[in-house]
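Have a look at the structure below before the remarks.
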Amino acid sequence: MRTVMIGVAVVLIAALGVGLYYVNLLSDMGAFSTVEPHFEGTCERLDGFAGGTEDLLIDRDTGWVFVSAFDRRAAEDPGADVRGAIEAFRVDASGAGIISITPQSPADFRPHGISLYDGPEGKRLFVINHPADGRQVIEVFDLRYWADGRPALAHVESITDPLIVSPNDLVAVGPRSFYVGNDFSTGERESLGFMLEAYLRLNRTTLVYFDGEAAEVAARGLTMANGVNVSSDGATLYLAETSDGTLRIYDRDVETGALTLRSGEGGILRLGPGLDNIDIDEAGRIWIAGHPQLFKLLDSMEDPASLSPAQVFMLTPEGGEGSEGGTVAEVYLGDGSLASGSATAVYHDGTMLIGVVFDPHVVVCRPTNEHVVGG
């Protein structure tokens, strides 16, 4: 009898532990948080893209916005032949101004994170590609402009490496060099290891640096590495961890690419669950989109009617771009009715653009908050 009682006690304790962990997981993912929408300004949708606008960026020299568009819901069907696109529009354009600049190569093109390199050699667009055959590829394109100002892409090469296993976002730092975040340690989405890593939030992911010739792990022990960007001088790297809701700040050796996590509170900022992509504006301010109720993002993938709240943070370094400390402001919080699943936020010349994961539109916002506009 005593053995039975001990066994029952062990089972109850284990069940309690699992229950407490699950409640804690739900809490950390924002399941119990309330969303009180706020934004100082006006917003409207720009419709007409080829799929969800997961990532977008601005060529601030020209005012053209580049969008990584892909229908992720359609691609979930086995054997689905879905091709994504790189689309472009001017910040002040209507839906009629959206153009596709997707080259014919590669034929199997499922774009994810994108990054623009602008150097003495010219401009290049780097694009994460997830072909249907399971490979993970970094596509490199030359970016040029026609005489009438319209952009065009020409495919240069496809880069693969065994260390690039589940790429989500990247930042280019040279004509052939980049950092790329693996959001999981495996690309096998149906594996037990993948599920354990996702739900136990194991810190097994990496940030990989490709120096133009070979890849190496630049940072490890991360929990769902996601958005990544560098300061204008290349000396500071910002990395978002989605599961932990943290922004990591590294000092970067511009010669070797080596990273050193800043010590103390200056190295890890805890902002909230679901951090996604990162943009840096002309004033050196860091813009981070996120999913304050992360489980709702998963629901919205299965059900388009299920809305995922949207969130945008703006980090203003105290001493300018790349400096220690600073202030964090929640610039935008929405219930998902306008922007469901906010993956990217970029700011340029009085306009904030929000890209969303699954739906074929971009949200165009005009802030009136002087703290935002006057930066």
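In the structure tokens, the first chain shown is A, the next is B, and so on; residue numbers restart at 1 for each chain, and ligands run from 1 in the order shown.
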Residues near region 87-91 of chain A, anyone? I mean within 6 Å using only C-alpha atoms, not counting same-chain ones fewer than 6 positions away, as a list in words.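 Neighbouring residues, sequence-local ones excluded: Gly63, Trp64, Val65, Phe66, Val67, Gly97, Ile98, Ile99, Ser100 and Ile101 of chain A.
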Give me, as number ranges by chain, all polymer residues having an atom no more than 10 Å from Gln104 (chain A), counting only C-alpha atoms and skipping those fewer than 3 positions away in the same chain. A: 101, 107-109, 153-155
Expected file: the selected residues, N, CA and C atoms, as a CSV table (one decimal), in the first residue's frame:
```csv
chain,number,residue,atom,x,y,z
A,101,ILE,N,9.4,42.3,-59.1
A,101,ILE,CA,10.7,42.4,-59.7
A,101,ILE,C,11.4,41.0,-59.5
A,107,ALA,N,13.9,29.0,-59.9
A,107,ALA,CA,12.5,28.7,-60.3
A,107,ALA,C,11.7,28.3,-59.0
A,108,ASP,N,12.3,27.6,-58.1
A,108,ASP,CA,11.6,27.3,-56.8
A,108,ASP,C,12.0,28.3,-55.8
A,109,PHE,N,11.1,29.3,-55.6
A,109,PHE,CA,11.5,30.5,-54.9
A,109,PHE,C,10.4,30.7,-53.8
A,153,LEU,N,16.2,43.2,-60.4
A,153,LEU,CA,17.1,42.2,-59.8
A,153,LEU,C,17.6,41.3,-60.8
A,154,ALA,N,18.9,40.9,-60.6
A,154,ALA,CA,19.6,39.9,-61.4
A,154,ALA,C,20.2,38.9,-60.5
A,155,HIS,N,19.9,37.6,-60.7
A,155,HIS,CA,20.4,36.6,-59.8
A,155,HIS,C,21.9,36.4,-59.9
```
Among listed residues A:Val208, A:Val312, A:Val254, A:Ile249, nearest Asp169 (chain A) (using only C-alpha atoms): A:Val208
When distances are computed from only C-alpha atoms, which of A:Tyr347, A:Ile288, A:Gly355, A:Ser263 shows the smallest separation from Pro367 (chain A)? A:Tyr347
Using only C-alpha atoms, the best pick from A:Asp118, A:Glu36, A:Asp281, A:Asp253 as closest to Ala218 (chain A) would be A:Asp253
